[in-house]
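With CSV, C-alpha atoms inside, this is protein-v6.csv:
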chain,number,residue,atom,x,y,z
A,457,MET,CA,-1.7,0.4,9.6
A,458,SER,CA,-4.8,2.4,8.6
A,459,ASP,CA,-8.3,0.9,8.7
A,460,ARG,CA,-8.5,1.1,4.9
A,461,THR,CA,-5.1,-0.6,4.5
A,462,GLY,CA,-6.0,-3.3,7.0
A,463,ILE,CA,-9.2,-4.2,5.3
A,464,ALA,CA,-7.6,-4.2,1.9
A,465,ALA,CA,-4.7,-6.4,3.2
A,466,ARG,CA,-7.1,-9.0,4.6
A,467,ARG,CA,-9.1,-9.1,1.3
A,468,ALA,CA,-5.9,-9.4,-0.7
A,469,TYR,CA,-4.9,-12.4,1.4
A,470,ILE,CA,-8.2,-14.1,0.7
A,471,TRP,CA,-8.1,-13.4,-3.0
A,472,THR,CA,-4.5,-14.6,-3.1
A,473,VAL,CA,-5.5,-18.0,-1.7
A,474,ALA,CA,-8.4,-18.2,-4.2
A,475,PHE,CA,-6.4,-17.2,-7.3
A,476,THR,CA,-3.0,-18.9,-6.6
A,477,GLY,CA,-4.0,-22.0,-4.6
A,478,ALA,CA,-1.2,-21.3,-2.1
A,479,ARG,CA,-1.7,-23.3,1.1
A,480,PRO,CA,-3.0,-21.4,4.1
A,481,PRO,CA,-1.7,-20.8,6.7
A,482,GLY,CA,1.9,-21.9,6.2
A,483,GLU,CA,2.7,-20.8,2.7
A,484,MET,CA,0.6,-17.7,3.0
A,485,PHE,CA,2.1,-16.7,6.3
A,486,GLY,CA,5.6,-17.5,5.0
A,487,LEU,CA,5.3,-15.3,1.8
A,488,GLN,CA,8.1,-12.8,2.0
A,489,ARG,CA,8.4,-9.5,0.0
A,490,GLY,CA,11.3,-10.9,-2.0
A,491,TYR,CA,9.3,-13.8,-3.3
A,492,SER,CA,6.2,-11.7,-4.2
A,493,SER,CA,5.5,-10.8,-7.8
A,494,PRO,CA,6.4,-7.0,-7.5
A,495,TYR,CA,10.0,-8.1,-6.6
A,496,TRP,CA,10.5,-11.7,-7.8
A,497,PRO,CA,12.4,-13.0,-9.8
A,498,ALA,CA,14.9,-10.1,-9.7
A,499,SER,CA,15.2,-10.5,-6.0
A,500,GLU,CA,15.8,-14.3,-6.1
A,501,PRO,CA,18.9,-15.2,-4.0
A,502,ASP,CA,19.8,-18.2,-6.1
A,503,ASP,CA,21.7,-17.0,-9.2
A,504,GLU,CA,20.8,-20.0,-11.4
A,505,LEU,CA,17.1,-19.9,-10.5
A,506,ARG,CA,17.0,-16.1,-10.9
A,507,GLU,CA,18.5,-16.2,-14.4
A,508,GLU,CA,16.2,-19.0,-15.5
A,509,ALA,CA,13.1,-17.3,-14.0
A,510,GLU,CA,13.8,-13.9,-15.5
A,511,GLN,CA,13.9,-15.4,-19.0
A,512,ARG,CA,10.8,-17.6,-18.4
A,513,TYR,CA,8.6,-15.0,-16.8
A,514,GLU,CA,9.8,-11.9,-18.7
A,515,ALA,CA,6.2,-11.3,-20.0
A,516,MET,CA,4.4,-12.5,-16.9
A,517,HIS,CA,4.1,-11.8,-13.2
A,518,ALA,CA,4.9,-14.6,-10.8
A,519,MET,CA,5.3,-15.3,-7.1
A,520,ARG,CA,7.6,-18.0,-5.6
A,521,VAL,CA,6.5,-20.5,-3.0
A,522,GLN,CA,9.8,-21.1,-1.3
A,523,TYR,CA,9.0,-21.4,2.4
A,524,GLN,CA,6.2,-21.9,4.9
A,525,THR,CA,6.6,-20.6,8.4
A,526,TYR,CA,5.6,-22.1,11.7
A,527,VAL,CA,6.6,-22.4,15.4
A,528,ALA,CA,9.3,-25.0,16.3
A,529,ASP,CA,10.8,-25.2,19.7
A,530,LYS,CA,8.9,-22.0,20.7
A,531,ARG,CA,10.5,-19.9,17.9
A,532,HIS,CA,9.3,-18.8,14.5
A,533,VAL,CA,11.2,-20.6,11.7
A,534,LEU,CA,11.1,-21.1,7.9
A,535,ALA,CA,10.7,-24.5,6.4
A,536,ALA,CA,10.2,-26.1,3.0
A,537,PRO,CA,6.6,-26.0,1.8
A,538,LYS,CA,4.5,-29.1,2.3
A,539,TYR,CA,5.8,-32.2,0.4
A,540,ASP,CA,8.8,-30.0,-0.7
A,541,SER,CA,6.6,-28.5,-3.3
A,542,TRP,CA,8.7,-25.5,-4.2
A,543,ARG,CA,7.0,-23.8,-7.1
A,544,THR,CA,6.3,-20.7,-9.1
A,545,LEU,CA,2.8,-19.4,-9.4
A,546,VAL,CA,1.9,-17.1,-12.3
A,547,MET,CA,-0.2,-14.2,-11.1
A,548,PRO,CA,-3.1,-12.7,-13.0
A,549,PRO,CA,-2.6,-9.0,-13.5
A,550,PHE,CA,-5.3,-7.9,-11.0
A,551,LEU,CA,-3.6,-9.9,-8.2
A,552,HIS,CA,-0.2,-8.5,-9.1
A,553,GLU,CA,-1.6,-5.0,-8.8
A,554,MET,CA,-3.1,-5.8,-5.4
A,555,HIS,CA,0.3,-7.0,-4.2
A,556,GLU,CA,2.0,-3.9,-5.6
A,557,ALA,CA,-0.4,-1.7,-3.6
A,558,LEU,CA,-0.1,-3.8,-0.5
A,559,LEU,CA,3.7,-3.8,-0.4
A,560,ALA,CA,3.7,-0.1,-1.0
A,561,SER,CA,1.7,0.4,2.2
A,562,HIS,CA,4.4,-1.1,4.5
A,563,GLU,CA,8.1,-1.9,4.6
A,564,LYS,CA,8.1,-5.2,6.5
A,565,PRO,CA,9.6,-8.3,4.9
A,566,TRP,CA,6.3,-10.3,5.1
A,567,THR,CA,3.8,-9.7,2.3
A,568,PHE,CA,0.8,-10.1,4.7
A,569,LEU,CA,0.8,-8.6,8.1
A,570,SER,CA,-1.6,-8.5,11.1
A,571,VAL,CA,-3.7,-5.4,11.7
A,572,MET,CA,-0.9,-4.4,14.2
A,573,GLY,CA,1.7,-4.7,11.5
A,574,LYS,CA,3.2,-7.9,12.8
A,575,PRO,CA,3.7,-11.4,11.3
A,576,LEU,CA,0.5,-13.3,10.9
A,577,LEU,CA,2.1,-16.4,12.6
A,578,GLY,CA,1.5,-14.8,15.9
A,579,THR,CA,-2.3,-14.3,15.4
A,580,ASP,CA,-5.4,-16.4,15.8
A,581,PHE,CA,-6.1,-15.9,12.1
A,582,ASP,CA,-9.5,-17.8,11.9
A,583,ARG,CA,-11.0,-15.9,14.9
A,584,ASP,CA,-9.7,-12.5,14.1
A,585,TYR,CA,-9.7,-12.4,10.3
A,586,TRP,CA,-11.4,-15.4,8.6
A,587,TYR,CA,-14.5,-15.7,10.6
A,588,PRO,CA,-15.5,-12.0,10.5
A,589,ILE,CA,-14.9,-12.1,6.7
A,590,ARG,CA,-16.8,-15.3,6.2
A,591,ASP,CA,-19.7,-14.8,8.7
A,592,GLY,CA,-19.9,-11.0,8.6
A,593,ALA,CA,-19.3,-8.7,11.5
A,594,GLU,CA,-20.8,-5.6,13.0
A,595,LYS,CA,-19.2,-2.2,12.8
A,596,ARG,CA,-16.5,-1.7,15.4
A,597,ASP,CA,-15.5,1.7,16.8
A,598,SER,CA,-12.5,2.4,18.9
A,599,GLY,CA,-10.8,5.2,20.7
A,600,PRO,CA,-7.6,7.0,19.7
A,601,ARG,CA,-5.4,4.4,21.3
A,602,TYR,CA,-7.0,1.6,19.3
A,603,ALA,CA,-7.8,3.2,16.0
A,604,ARG,CA,-6.4,0.2,14.1
A,605,TRP,CA,-9.2,-2.0,15.4
A,606,ALA,CA,-12.0,0.2,14.0
A,607,ARG,CA,-13.8,-1.4,11.0
A,608,PRO,CA,-17.0,-0.8,9.1
A,609,VAL,CA,-19.8,-3.4,8.8
A,610,ILE,CA,-18.6,-6.6,7.1
A,611,PRO,CA,-21.3,-8.5,5.2
A,612,ALA,CA,-21.4,-12.2,5.4
A,613,VAL,CA,-20.3,-14.4,2.4
A,614,SER,CA,-23.2,-16.8,2.3
A,615,GLU,CA,-21.5,-19.1,-0.2
A,616,MET,CA,-18.7,-19.8,2.3
A,617,ALA,CA,-21.0,-20.4,5.4
A,618,GLY,CA,-19.3,-22.8,7.8
A,619,GLN,CA,-16.4,-23.4,5.4
A,620,ASP,CA,-12.7,-23.5,6.3
A,621,ILE,CA,-10.5,-21.0,4.5
A,622,TYR,CA,-8.8,-24.0,2.9
A,623,ARG,CA,-11.9,-24.4,0.8
A,624,LEU,CA,-10.7,-21.5,-1.3
A,625,ARG,CA,-7.8,-23.7,-2.4
A,626,HIS,CA,-10.3,-26.3,-3.5
A,627,TRP,CA,-12.2,-23.6,-5.4
A,628,HIS,CA,-9.0,-22.7,-7.2
A,629,LYS,CA,-8.4,-26.3,-8.4
A,630,ALA,CA,-12.0,-26.6,-9.6
A,631,LYS,CA,-11.7,-23.3,-11.5
A,632,LEU,CA,-8.6,-24.6,-13.3
A,633,ASP,CA,-10.3,-27.8,-14.2
A,634,GLU,CA,-13.5,-26.0,-15.4
A,635,PRO,CA,-12.4,-24.8,-18.9
A,636,GLY,CA,-11.1,-28.3,-19.9
A,637,ASP,CA,-8.1,-27.1,-21.9
A,638,ILE,CA,-5.6,-26.5,-19.1
A,639,PRO,CA,-3.3,-29.6,-19.1
A,640,ARG,CA,-3.5,-31.6,-15.9
A,641,VAL,CA,0.3,-31.4,-15.4
A,642,ALA,CA,0.0,-27.6,-15.2
A,643,VAL,CA,-2.9,-27.7,-12.8
A,644,GLU,CA,-1.3,-30.2,-10.4
A,645,ALA,CA,2.1,-28.4,-10.5
A,646,ARG,CA,0.3,-25.2,-9.5
A,647,MET,CA,-1.3,-27.0,-6.6
A,648,GLY,CA,2.0,-28.3,-5.4
A,649,HIS,CA,1.2,-31.9,-6.4
A,650,GLU,CA,3.1,-34.4,-8.5
A,651,LEU,CA,1.5,-36.5,-11.2
A,652,PRO,CA,2.0,-40.3,-10.5
A,653,GLY,CA,3.3,-42.9,-12.9
A,654,VAL,CA,4.5,-42.4,-16.5
A,655,GLU,CA,2.4,-39.3,-17.0
A,656,GLY,CA,4.3,-37.6,-14.2
A,657,VAL,CA,7.7,-38.7,-15.6
A,658,TYR,CA,7.1,-37.4,-19.1
A,659,SER,CA,4.8,-34.4,-18.6
A,660,GLU,CA,6.2,-30.9,-18.4
A,661,VAL,CA,4.7,-27.5,-17.7
A,662,THR,CA,5.4,-25.1,-20.6
A,663,VAL,CA,5.5,-21.3,-20.7
A,664,ALA,CA,2.3,-21.4,-22.9
A,665,MET,CA,0.5,-23.4,-20.2
A,666,GLU,CA,1.4,-20.8,-17.6
A,667,GLU,CA,0.4,-17.9,-19.9
A,668,ARG,CA,-2.9,-19.6,-20.4
A,669,ILE,CA,-3.5,-20.0,-16.6
A,670,GLY,CA,-2.7,-16.3,-16.0
A,671,GLU,CA,-5.0,-15.1,-18.8
A,672,TYR,CA,-7.8,-17.4,-17.8
A,673,LEU,CA,-7.7,-16.4,-14.1
A,674,GLN,CA,-7.8,-12.7,-15.1
A,675,ARG,CA,-11.0,-13.4,-17.1
A,676,VAL,CA,-12.5,-15.3,-14.1
A,677,TRP,CA,-11.8,-12.2,-11.9
A,678,GLU,CA,-13.3,-9.7,-14.4
A,679,LYS,CA,-16.4,-11.8,-15.2
A,680,GLU,CA,-17.2,-13.8,-12.1
A,681,VAL,CA,-16.0,-11.4,-9.4
A,682,VAL,CA,-16.0,-7.8,-10.6
A,683,GLY,CA,-18.7,-8.3,-13.2
A,684,ALA,CA,-20.9,-10.0,-10.7
A,685,GLY,CA,-20.4,-7.2,-8.2
A,686,LEU,CA,-18.9,-9.6,-5.6
A,687,TRP,CA,-16.5,-8.8,-2.8
A,688,THR,CA,-13.7,-6.7,-4.2
A,689,PRO,CA,-11.1,-4.9,-2.0
A,690,PRO,CA,-10.1,-1.3,-1.8
A,691,PHE,CA,-6.5,-0.7,-2.5
A,692,PRO,CA,-4.2,-0.1,0.6
A,693,MET,CA,-3.0,3.4,1.3
A,694,PRO,CA,0.6,3.9,0.2
A,695,LEU,CA,3.1,4.5,3.0
A,696,PRO,CA,3.8,8.3,3.3
A,697,ASP,CA,7.2,9.3,1.8
A,698,GLY,CA,8.3,10.6,5.2
A,699,LEU,CA,8.1,7.1,6.7
A,700,ARG,CA,9.6,5.2,3.8
A,701,ASN,CA,13.2,3.9,3.8
A,702,ALA,CA,15.2,3.8,0.7
A,703,ALA,CA,15.0,0.0,0.4
A,704,PRO,CA,12.5,-2.1,2.3
A,705,SER,CA,13.4,-5.5,3.8
A,706,LEU,CA,12.9,-8.3,1.2
A,707,PHE,CA,13.5,-11.2,3.5
A,708,SER,CA,12.7,-11.9,7.2
A,709,GLY,CA,16.0,-13.3,8.4
A,710,LEU,CA,14.3,-16.1,10.2
A,711,PRO,CA,16.3,-19.4,10.5
A,712,ALA,CA,15.4,-22.0,7.9
A,713,LEU,CA,15.1,-25.6,9.1
A,714,GLU,CA,17.4,-27.9,7.2
A,715,TYR,CA,16.4,-31.5,6.5
A,716,GLU,CA,18.8,-34.3,5.7
Kindly present the structure from the file in structure tokens form.
Amino acid sequence: MSDRTGIAARRAYIWTVAFTGARPPGEMFGLQRGYSSPYWPASEPDDELREEAEQRYEAMHAMRVQYQTYVADKRHVLAAPKYDSWRTLVMPPFLHEMHEALLASHEKPWTFLSVMGKPLLGTDFDRDYWYPIRDGAEKRDSGPRYARWARPVIPAVSEMAGQDIYRLRHWHKAKLDEPGDIPRVAVEARMGHELPGVEGVYSEVTVAMEERIGEYLQRVWEKEVVGAGLWTPPFPMPLPDGLRNAAPSLFSGLPALEYE
């Protein structure tokens, strides 16, 4: 993985948490190519869900939160997301484009990889990725054997000083609440929560609500991030044609834990 691609991948990870509300680390580490917006829902293994999603999201981009990943009995496994909160997250166009570029830069089944091209589950993510991004880091040179570790100066993000990466999920919820016209049922469903009581029983997330979320988040990006000159990523370098297989792996093949 090149230096440019590695930096872009880390930034794409950060913006994905901020603009989807997906839970780090489990849901983010567990996002597989086949559930990412450039491939899903056409790649959905479940026939019924695929047919329904292809109709619903025909005019939108969406990623599917189907699994989280963690270590159980000293092995990497897939498991249901927290609270069994399987859900579909509409992607604003800018984020879909980031994922397209990122997935074109490698052929692994995981959307997000370590700088060494391996699953993030085997890393100390906070130490190696989040803290340098949050607190800033000096330029790092390396010899030919360790070229992947080279990086330019990373400026600190003062607004996030001392904050856990989970704070980006809180930011996402606040942003959805801010305009005042996105129904609470759509906000909570996106966060992986269920509304309690009668409201939860009778409320339903409609296509129009999801379209509103996608359009609104795109405007937030354009006005509050790009327009303000904030921290925007370069795009990853596409994988050279000579190294590309005809069909990249969509799913990891890890065992999925079953619950009774």
Which is closest to Leu569 (chain A) among A:Lys530, A:His628, A:Asp633, A:Arg489, if we use all atoms listed in the file?
->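 Smallest separation from Leu569 (chain A) among the options: A:Arg489.
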Expressed in Å, the length from CA of Trp471 (chain A) to CA of Trp677 (chain A) is 9.7 Å
Residues within 8 Å of Met554 (chain A), all atoms listed in the file, excluding chain neighbours under 3 positions, as a VMD selection string: chain A and resid 468 550 to 551 557 to 558 691
Which is closest to Leu710 (chain A) among A:Arg531, A:Arg640, A:Lys538, A:Arg607, if we use all atoms listed in the file?
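That would be A:Arg531, the residue with the smallest distance to Leu710 (chain A).
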(request) For Thr476 (chain A), list every protein, DNA or RNA residue within 9 Å, evaluated using all atoms listed in the file, and leave out those in the same chain fewer than 3 positions away; present the list as a ChimeraX atom specification. (result) /A:471-473,479,545-548,625,628,646-647
* Asked: Between A:Leu534, A:Pro497, A:Glu507, A:Phe568, which has the minimum distance to Arg520 (chain A) (counting only C-alpha atoms)?
  ->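 Between A:Leu534, A:Pro497, A:Glu507, A:Phe568, the residue approaching Arg520 (chain A) most closely is A:Pro497.
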Which of these residues is nearest to His552 (chain A), using all atoms listed in the file: A:Leu686, A:Met572, A:Ala593, A:Leu673?
->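 Smallest separation from His552 (chain A) among the options: A:Leu673.
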Figure out the distance between CA of Met519 (chain A) and CA of Ser492 (chain A), please, to one decimal in Å.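 Computed distance, CA of Ser492 (chain A) to CA of Met519 (chain A), equals 4.7 Å.
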**Message:** Taking 4 positions as the minimum chain separation for residues in the same chain, which residues sit within 6 Å of region 655-668 of chain A when counting all atoms listed in the file? Answer as a ChimeraX atom specification.
**Reply:** /A:642,651,672
In the coordinates of the file, take the point (-11.1, -18.4, -13.2) and a cut-off of 10 Å; then, counting all atoms listed in the file, name each qualifying protein, DNA or RNA residue as a list in words. Ala474, Phe475, Pro548, Trp627, His628, Lys629, Ala630, Lys631, Leu632, Asp633, Glu634, Pro635, Ile669, Gly670, Glu671, Tyr672, Leu673, Gln674, Arg675, Val676, Trp677, Glu678, Lys679, Glu680 and Val681 of chain A
Determine, counting only C-alpha atoms, which protein, DNA and RNA residues have an atom within 8 Å of an atom of Tyr523 (chain A); residues of the same chain fewer than 6 positions away are not included. Present the result as a PDB file with C-alpha atoms, in the coordinates of the input.
ATOM      1  CA  GLU A 483       2.700 -20.800   2.700  1.00  0.00           C
ATOM      2  CA  GLY A 486       5.600 -17.500   5.000  1.00  0.00           C
ATOM      3  CA  LEU A 487       5.300 -15.300   1.800  1.00  0.00           C
ATOM      4  CA  LEU A 534      11.100 -21.100   7.900  1.00  0.00           C
ATOM      5  CA  ALA A 535      10.700 -24.500   6.400  1.00  0.00           C
ATOM      6  CA  ALA A 536      10.200 -26.100   3.000  1.00  0.00           C
ATOM      7  CA  PRO A 537       6.600 -26.000   1.800  1.00  0.00           C
ATOM      8  CA  TRP A 542       8.700 -25.500  -4.200  1.00  0.00           C
TER       9      TRP A 542
END
- Message: List the spatial neighbours of Tyr491 (chain A) as a ChimeraX atom specification - criterion: any atom at most 12 Å away, all atoms listed in the file, same-chain residues fewer than 3 positions off excluded.
- Response: /A:483-484,486-488,494-502,506,509,517-524,542-545,555,559,565-567,705-708
re CA of His626 (chain A) and CA of His649 (chain A): distance 13.1 Å
In terms of all atoms listed in the file, the residue from A:Lys595, A:Ala478, A:Ile638, A:Ala464 at minimal distance from Ser541 (chain A) is A:Ala478
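The smallest atom-to-atom distance between Gly709 (chain A) and any of A:Val533, A:Ile470, A:Ala645, A:Ile463, using all atoms listed in the file, is found for A:Val533.
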